[in-house]
$ cat input.txt   # compact mmCIF, C-alpha atoms
# COMPACT_ATOMS: atom_id res chain seq x y z
CA MET A 1 11.25 -15.68 57.26
CA ARG A 2 8.48 -13.49 55.95
CA LYS A 3 10.98 -11.53 53.90
CA THR A 4 12.34 -14.75 52.41
CA ILE A 5 8.85 -15.91 51.41
CA ILE A 6 8.14 -12.60 49.69
CA VAL A 7 11.43 -12.74 47.79
CA ILE A 8 10.81 -16.32 46.68
CA SER A 9 7.27 -15.42 45.56
CA LEU A 10 8.57 -12.54 43.46
CA LEU A 11 11.27 -14.71 41.95
CA LEU A 12 8.77 -17.40 41.07
CA SER A 13 6.59 -14.77 39.40
CA VAL A 14 9.52 -13.58 37.30
CA SER A 15 10.36 -17.16 36.44
CA LEU A 16 6.82 -17.79 35.25
CA LEU A 17 6.96 -14.60 33.21
CA PHE A 18 10.07 -15.76 31.37
CA SER A 19 8.78 -19.27 30.90
CA LYS A 20 5.51 -18.07 29.38
CA GLU A 21 5.23 -19.38 25.85
CA ILE A 22 5.94 -16.75 23.21
CA SER A 23 4.23 -17.07 19.84
CA VAL A 24 6.51 -16.07 16.97
CA LYS A 25 3.55 -15.92 14.59
CA LYS A 26 1.58 -13.64 16.90
CA SER A 27 4.53 -11.28 17.26
CA LEU A 28 5.01 -11.26 13.49
CA PHE A 29 1.37 -10.45 12.76
CA LYS A 30 1.22 -7.81 15.49
CA SER A 31 4.09 -5.88 13.90
CA LEU A 32 2.65 -6.48 10.45
CA ILE A 33 -0.47 -4.64 11.58
CA ILE A 34 1.22 -1.99 13.77
CA PRO A 35 5.02 -1.74 13.43
CA GLY A 36 6.71 -2.12 16.81
CA TRP A 37 3.77 -3.84 18.50
CA GLY A 38 5.27 -7.32 18.19
CA GLU A 39 8.63 -6.20 19.56
CA LEU A 40 7.10 -4.39 22.53
CA SER A 41 4.84 -7.36 23.33
CA VAL A 42 7.97 -9.41 24.12
CA GLY A 43 9.66 -6.55 25.98
CA ASN A 44 12.03 -5.40 23.23
CA LYS A 45 12.45 -1.61 23.04
CA SER A 46 13.33 -1.62 19.33
CA GLY A 47 9.57 -1.46 18.81
CA TYR A 48 9.61 2.21 19.77
CA GLY A 49 11.83 2.95 16.79
CA PHE A 50 9.40 1.32 14.38
CA ILE A 51 6.45 3.16 15.94
CA ALA A 52 8.27 6.50 15.66
CA THR A 53 9.14 5.72 12.03
CA GLU A 54 5.53 4.85 11.27
CA VAL A 55 4.25 8.11 12.72
CA ALA A 56 6.87 10.11 10.79
CA LEU A 57 6.12 8.34 7.50
CA TRP A 58 2.38 8.88 7.81
CA SER A 59 2.92 12.54 8.67
CA ILE A 60 5.05 13.02 5.56
CA LYS A 61 2.55 11.16 3.38
CA ILE A 62 -0.35 13.28 4.63
CA TYR A 63 1.69 16.42 3.99
CA PHE A 64 2.44 15.42 0.37
CA SER A 65 -1.18 14.43 -0.19
CA ASN A 66 -2.47 17.75 1.17
CA GLU A 67 0.03 19.69 -0.95
CA ARG A 68 -1.08 17.76 -4.04
CA ASP A 69 -4.73 18.63 -3.40
CA LEU A 70 -3.86 22.27 -2.74
CA VAL A 71 -1.89 22.61 -5.98
CA ARG A 72 -4.67 20.86 -7.90
CA THR A 73 -7.15 23.44 -6.65
CA GLN A 74 -4.74 26.24 -7.57
CA SER A 75 -4.33 24.86 -11.09
CA GLU A 76 -8.10 24.65 -11.62
CA GLU A 77 -8.58 28.22 -10.41
CA HIS A 78 -5.73 29.33 -12.66
CA ALA A 79 -7.34 27.66 -15.70
CA SER A 80 -10.69 29.25 -14.90
CA LYS A 81 -9.19 32.73 -14.57
CA PHE A 82 -6.63 32.79 -17.38
CA ALA A 83 -7.97 30.22 -19.87
CA HIS A 84 -11.68 30.94 -19.23
CA LEU A 85 -12.45 27.27 -18.61
CA ASN A 86 -15.93 26.55 -17.28
CA ASP A 87 -16.25 24.73 -13.96
CA GLY A 88 -16.57 21.00 -14.47
CA ASP A 89 -15.24 17.53 -13.81
CA TYR A 90 -12.35 17.20 -16.27
CA THR A 91 -9.97 14.29 -16.76
CA GLU A 92 -6.21 14.35 -16.34
CA ASP A 93 -5.87 13.94 -20.12
CA PHE A 94 -7.97 17.06 -20.63
CA TYR A 95 -5.76 19.12 -18.31
CA HIS A 96 -2.70 17.66 -20.02
CA ASN A 97 -4.02 18.90 -23.37
CA MET A 98 -4.44 22.35 -21.84
CA THR A 99 -0.70 22.38 -21.14
CA LYS A 100 0.06 21.59 -24.80
CA PHE A 101 -2.43 23.65 -26.84
CA ASN A 102 -3.24 27.36 -26.76
CA SER A 103 -6.97 26.71 -26.98
CA SER A 104 -9.58 24.05 -27.59
CA GLY A 105 -10.57 25.62 -30.93
CA PHE A 106 -9.97 24.98 -34.60
CA GLU A 107 -7.57 27.90 -35.07
CA ALA A 108 -3.82 27.45 -35.40
CA GLY A 109 -2.37 26.05 -32.19
CA GLY A 110 -5.77 24.80 -31.05
CA TYR A 111 -6.53 21.30 -29.84
CA ASN A 112 -9.41 20.66 -32.26
CA GLU A 113 -7.27 21.91 -35.15
CA ASN A 114 -4.70 19.23 -34.25
CA ILE A 115 -7.41 16.56 -34.14
CA MET A 116 -8.66 17.58 -37.60
CA MET A 117 -5.14 17.26 -38.97
CA GLN A 118 -4.80 13.77 -37.49
CA ALA A 119 -8.17 12.77 -38.97
CA GLN A 120 -6.90 13.55 -42.47
CA ASN A 121 -4.57 10.56 -42.18
CA ILE A 122 -7.51 8.16 -41.70
CA SER A 123 -8.68 6.97 -45.12
CA ASP A 124 -11.84 5.15 -44.02
CA GLU A 125 -14.71 7.63 -43.74
CA GLU A 126 -16.53 5.83 -40.92
CA ALA A 127 -13.34 5.35 -38.92
CA ARG A 128 -12.48 9.04 -39.40
CA GLN A 129 -15.92 10.07 -38.17
CA ARG A 130 -15.65 7.87 -35.08
CA PHE A 131 -12.23 9.36 -34.36
CA LEU A 132 -13.59 12.91 -34.57
CA GLU A 133 -16.62 12.16 -32.41
CA LYS A 134 -14.41 10.59 -29.79
CA ASN A 135 -11.71 13.25 -29.63
CA LEU A 136 -13.12 16.66 -30.60
CA TYR A 137 -14.00 19.02 -27.73
CA GLY A 138 -17.33 20.82 -27.67
CA GLU A 139 -18.21 24.35 -26.57
CA GLU A 140 -18.71 23.22 -22.96
CA GLN A 141 -15.02 22.23 -22.92
CA TYR A 142 -13.80 25.52 -24.34
CA TRP A 143 -10.58 27.14 -23.20
CA ASN A 144 -8.31 29.83 -24.60
CA TRP A 145 -5.15 30.95 -22.78
CA ASP A 146 -4.60 34.69 -22.42
CA ASP A 147 -0.88 34.27 -23.16
CA ASP A 148 1.97 31.77 -23.11
CA THR A 149 3.13 32.91 -19.67
CA ARG A 150 -0.17 31.96 -18.04
CA GLN A 151 -0.11 28.62 -19.83
CA GLY A 152 3.45 28.03 -18.63
CA GLN A 153 2.40 28.74 -15.05
CA PHE A 154 -0.43 26.23 -15.42
CA ARG A 155 1.98 23.64 -16.84
CA LYS A 156 4.22 24.07 -13.81
CA LEU A 157 1.29 23.60 -11.43
CA ARG A 158 0.24 20.39 -13.19
CA ASN A 159 3.82 19.08 -13.04
CA ASN A 160 3.85 19.80 -9.31
CA ILE A 161 0.68 17.72 -8.93
CA THR A 162 2.43 14.80 -10.63
CA ASP A 163 5.48 15.21 -8.40
CA TYR A 164 3.42 15.25 -5.19
CA SER A 165 1.42 12.22 -6.40
CA GLU A 166 4.63 10.28 -6.99
CA LEU A 167 5.97 11.28 -3.57
CA THR A 168 2.73 10.16 -1.94
CA LYS A 169 3.01 6.78 -3.68
CA ALA A 170 6.64 6.49 -2.60
CA MET A 171 5.69 7.12 1.03
CA THR A 172 3.00 4.43 0.78
CA GLY A 173 5.64 1.97 -0.37
CA THR A 174 7.96 3.03 2.45
CA ILE A 175 5.18 2.54 5.02
CA ILE A 176 4.56 -0.97 3.71
CA ALA A 177 8.29 -1.68 3.94
CA ASN A 178 8.32 -0.49 7.56
CA HIS A 179 5.53 -2.95 8.39
CA ILE A 180 7.38 -5.82 6.74
CA LEU A 181 10.73 -5.00 8.38
CA SER A 182 9.12 -4.70 11.80
CA ALA A 183 7.32 -8.03 11.33
CA ILE A 184 10.59 -9.76 10.42
CA ASN A 185 12.35 -8.12 13.35
CA ALA A 186 9.57 -9.09 15.77
CA ALA A 187 9.65 -12.70 14.56
CA ARG A 188 13.44 -12.84 14.97
CA ILE A 189 13.35 -11.36 18.47
CA SER A 190 10.44 -13.56 19.53
CA TYR A 191 12.23 -16.67 18.30
CA ARG A 192 15.36 -15.80 20.27
CA THR A 193 13.34 -14.92 23.38
CA LYS A 194 11.35 -18.11 23.09
CA LYS A 195 14.60 -20.10 23.14
CA LEU A 196 15.79 -18.30 26.26
CA ASP A 197 15.61 -20.59 29.28
CA MET A 198 15.88 -19.33 32.88
CA LYS A 199 16.44 -21.48 35.94
CA MET A 200 16.36 -20.37 39.57
CA SER A 201 18.50 -21.97 42.25
CA PHE A 202 19.81 -21.22 45.71
CA ASN A 203 23.40 -21.06 46.89
CA THR A 204 24.74 -22.46 50.17
CA LYS A 205 23.53 -19.36 52.01
CA MET A 206 20.03 -19.86 50.60
CA LYS A 207 20.31 -16.79 48.42
CA PRO A 208 18.54 -17.20 45.08
CA TYR A 209 20.34 -16.76 41.78
CA PHE A 210 19.38 -17.17 38.12
CA MET A 211 20.95 -19.17 35.31
CA PHE A 212 20.17 -18.25 31.73
CA SER A 213 20.75 -20.42 28.69
CA CYS A 214 19.90 -19.89 25.04
CA GLY A 215 18.78 -22.73 22.83
CA LEU A 216 20.12 -21.11 19.66

$ encode --input "input.txt" --output "structure tokens"
Amino acid sequence: MRKTIIVISLLLSVSLLFSKEISVKKSLFKSLIIPGWGELSVGNKSGYGFIATEVALWSIKIYFSNERDLVRTQSEEHASKFAHLNDGDYTEDFYHNMTKFNSSGFEAGGYNENIMMQAQNISDEEARQRFLEKNLYGEEQYWNWDDDTRQGQFRKLRNNITDYSELTKAMTGTIIANHILSAINAARISYRTKKLDMKMSFNTKMKPYFMFSCGL
């Protein structure tokens, strides 16, 4: 008798567990925040796959981001050593100009020489002066590459920075997609689980058995 009471108590507990109301919205938002959380909260093991994917994606993103920062530092050190650029906070456009022009000067192949040539096409004197003031580099922005090989190496480093930046952005998009897919999956699973109905009965020998039905 005691054994029968224990069994019935356990079965009633399981029945209550299945009959507990499942919120589709809660499952959706859980997985939207942490992929896999919504699935696991309703007992679906597919959540582990989304969690593993999330960890892998973040690891790859951090790797690309660290590589980008490392190459950026290498490019700045390269410019300082082989183009004699002073330490400073320079823009991406400035570094891009360093990949195109031999120096910042007014000599042939220099950046400022190119700006002066462009200014000749501006007929209005005031407009020409504003253009020169805006675009000419001063002595504090001086650079002069030792040779074309060193400049080519710098150009490759800057291209690598762009590549790693694009890969980092791509991983961010993939992470967002993983959140969305997990949220949709959690909502779908929660909806199906919510529709699952379980009934407990006893046969002629007083042995309990379950009957499952799906409302879908």

$ residues_around --input "input.txt" --residues "Lys30 in chain A" --least-positions-apart "3" --cutoff "10 Å" --atoms "all atoms listed in the file" --output "number ranges by chain"
A: 24-27, 33-41, 179, 182-183, 186-187

$ write_last_selection --input "input.txt" --atoms "C-alpha atoms" --output "PDB file, keeping the file's coordinate frame"
ATOM      1  CA  VAL A  24       6.510 -16.070  16.970  1.00  0.00           C
ATOM      2  CA  LYS A  25       3.550 -15.920  14.590  1.00  0.00           C
ATOM      3  CA  LYS A  26       1.580 -13.640  16.900  1.00  0.00           C
ATOM      4  CA  SER A  27       4.530 -11.280  17.260  1.00  0.00           C
ATOM      5  CA  ILE A  33      -0.470  -4.640  11.580  1.00  0.00           C
ATOM      6  CA  ILE A  34       1.220  -1.990  13.770  1.00  0.00           C
ATOM      7  CA  PRO A  35       5.020  -1.740  13.430  1.00  0.00           C
ATOM      8  CA  GLY A  36       6.710  -2.120  16.810  1.00  0.00           C
ATOM      9  CA  TRP A  37       3.770  -3.840  18.500  1.00  0.00           C
ATOM     10  CA  GLY A  38       5.270  -7.320  18.190  1.00  0.00           C
ATOM     11  CA  GLU A  39       8.630  -6.200  19.560  1.00  0.00           C
ATOM     12  CA  LEU A  40       7.100  -4.390  22.530  1.00  0.00           C
ATOM     13  CA  SER A  41       4.840  -7.360  23.330  1.00  0.00           C
ATOM     14  CA  HIS A 179       5.530  -2.950   8.390  1.00  0.00           C
ATOM     15  CA  SER A 182       9.120  -4.700  11.800  1.00  0.00           C
ATOM     16  CA  ALA A 183       7.320  -8.030  11.330  1.00  0.00           C
ATOM     17  CA  ALA A 186       9.570  -9.090  15.770  1.00  0.00           C
ATOM     18  CA  ALA A 187       9.650 -12.700  14.560  1.00  0.00           C
TER      19      ALA A 187
END

$ closest_residue --input "input.txt" --among "A:Ala56, A:Leu157, A:Leu136, A:Met98" --to "Met116 in chain A" --atoms "all atoms listed in the file"
A:Leu136

$ closest_residue --input "input.txt" --among "A:Asn102, A:Thr168, A:Asn121, A:Ser31" --to "Asn66 in chain A" --atoms "only C-alpha atoms"
A:Thr168

$ atom_distance --input "input.txt" --atom1 "CA of Tyr63 in chain A" --atom2 "CA of Asp93 in chain A"
25.4 Å

$ atom_distance --input "input.txt" --atom1 "CA of Gly88 in chain A" --atom2 "CA of Gly109 in chain A"
23.3 Å

$ closest_residue --input "input.txt" --among "A:Ser59, A:Asn44, A:Phe50, A:His78" --to "Gln153 in chain A" --atoms "only C-alpha atoms"
A:His78

$ atom_distance --input "input.txt" --atom1 "CA of Arg68 in chain A" --atom2 "CA of Lys169 in chain A"
11.7 Å

$ closest_residue --input "input.txt" --among "A:Thr73, A:Trp145, A:Glu92, A:Gly49" --to "Gly110 in chain A" --atoms "all atoms listed in the file"
A:Trp145

$ residues_near_point --input "input.txt" --point "(-20.1, 23.1, -22.5)" --cutoff "12 Å" --atoms "only C-alpha atoms" --output "list in words"
His84, Leu85, Asn86, Asp87, Gly88, Asp89, Tyr90, Ser104, Tyr137, Gly138, Glu139, Glu140, Gln141, Tyr142 and Trp143 of chain A

$ build_atoms --input "input.txt" --residues "range 80-110 of chain A" --atoms "N, CA and C atoms" --output "short mmCIF file (atom, residue, chain, number, x, y, z; two decimals), keeping the file's coordinate frame"
data_model
loop_
_atom_site.label_atom_id
_atom_site.label_comp_id
_atom_site.auth_asym_id
_atom_site.auth_seq_id
_atom_site.Cartn_x
_atom_site.Cartn_y
_atom_site.Cartn_z
N SER A 80 -9.42 28.52 -14.82
CA SER A 80 -10.69 29.25 -14.90
C SER A 80 -10.46 30.74 -15.14
N LYS A 81 -9.44 31.29 -14.49
CA LYS A 81 -9.19 32.73 -14.57
C LYS A 81 -8.47 33.15 -15.85
N PHE A 82 -7.49 32.37 -16.28
CA PHE A 82 -6.63 32.79 -17.38
C PHE A 82 -6.83 32.02 -18.69
N ALA A 83 -7.64 30.94 -18.63
CA ALA A 83 -7.97 30.22 -19.87
C ALA A 83 -9.48 30.18 -20.08
N HIS A 84 -10.23 30.78 -19.12
CA HIS A 84 -11.68 30.94 -19.23
C HIS A 84 -12.39 29.59 -19.35
N LEU A 85 -11.87 28.61 -18.63
CA LEU A 85 -12.45 27.27 -18.61
C LEU A 85 -13.64 27.25 -17.66
N ASN A 86 -14.74 26.67 -18.13
CA ASN A 86 -15.93 26.55 -17.28
C ASN A 86 -15.68 25.53 -16.17
N ASP A 87 -16.35 25.71 -15.04
CA ASP A 87 -16.25 24.73 -13.96
C ASP A 87 -16.80 23.38 -14.43
N GLY A 88 -16.13 22.33 -14.05
CA GLY A 88 -16.57 21.00 -14.47
C GLY A 88 -15.64 19.92 -13.97
N ASP A 89 -16.03 18.69 -14.23
CA ASP A 89 -15.24 17.53 -13.81
C ASP A 89 -14.43 17.06 -15.02
N TYR A 90 -13.19 17.50 -15.11
CA TYR A 90 -12.35 17.20 -16.27
C TYR A 90 -11.32 16.12 -15.93
N THR A 91 -10.93 15.36 -16.95
CA THR A 91 -9.97 14.29 -16.76
C THR A 91 -8.55 14.83 -16.75
N GLU A 92 -7.62 13.98 -16.32
CA GLU A 92 -6.21 14.35 -16.34
C GLU A 92 -5.72 14.57 -17.77
N ASP A 93 -6.24 13.76 -18.71
CA ASP A 93 -5.87 13.94 -20.12
C ASP A 93 -6.32 15.30 -20.64
N PHE A 94 -7.47 15.75 -20.19
CA PHE A 94 -7.97 17.06 -20.63
C PHE A 94 -7.03 18.16 -20.14
N TYR A 95 -6.67 18.11 -18.86
CA TYR A 95 -5.76 19.12 -18.31
C TYR A 95 -4.39 19.03 -18.98
N HIS A 96 -3.98 17.81 -19.32
CA HIS A 96 -2.70 17.66 -20.02
C HIS A 96 -2.75 18.35 -21.38
N ASN A 97 -3.87 18.23 -22.07
CA ASN A 97 -4.02 18.90 -23.37
C ASN A 97 -3.99 20.42 -23.22
N MET A 98 -4.48 20.90 -22.08
CA MET A 98 -4.44 22.35 -21.84
C MET A 98 -3.01 22.85 -21.70
N THR A 99 -2.11 21.97 -21.26
CA THR A 99 -0.70 22.38 -21.14
C THR A 99 0.00 22.41 -22.50
N LYS A 100 -0.59 21.73 -23.49
CA LYS A 100 0.06 21.59 -24.80
C LYS A 100 -0.49 22.55 -25.86
N PHE A 101 -1.78 22.86 -25.79
CA PHE A 101 -2.43 23.65 -26.84
C PHE A 101 -2.92 24.99 -26.30
N ASN A 102 -2.85 26.00 -27.16
CA ASN A 102 -3.24 27.36 -26.76
C ASN A 102 -4.73 27.46 -26.45
N SER A 103 -5.52 26.66 -27.16
CA SER A 103 -6.97 26.71 -26.98
C SER A 103 -7.56 25.37 -27.35
N SER A 104 -8.87 25.26 -27.18
CA SER A 104 -9.58 24.05 -27.59
C SER A 104 -10.13 24.17 -29.00
N GLY A 105 -9.92 25.32 -29.65
CA GLY A 105 -10.57 25.62 -30.93
C GLY A 105 -9.90 25.02 -32.16
N PHE A 106 -10.44 25.48 -33.30
CA PHE A 106 -9.97 24.98 -34.60
C PHE A 106 -8.92 25.89 -35.21
N GLU A 107 -8.59 26.99 -34.54
CA GLU A 107 -7.57 27.90 -35.07
C GLU A 107 -6.18 27.30 -34.87
N ALA A 108 -5.21 27.93 -35.49
CA ALA A 108 -3.82 27.45 -35.40
C ALA A 108 -3.37 27.38 -33.94
N GLY A 109 -2.80 26.24 -33.56
CA GLY A 109 -2.37 26.05 -32.19
C GLY A 109 -3.45 25.52 -31.28
N GLY A 110 -4.66 25.30 -31.85
CA GLY A 110 -5.77 24.80 -31.05
C GLY A 110 -5.82 23.27 -31.02
#
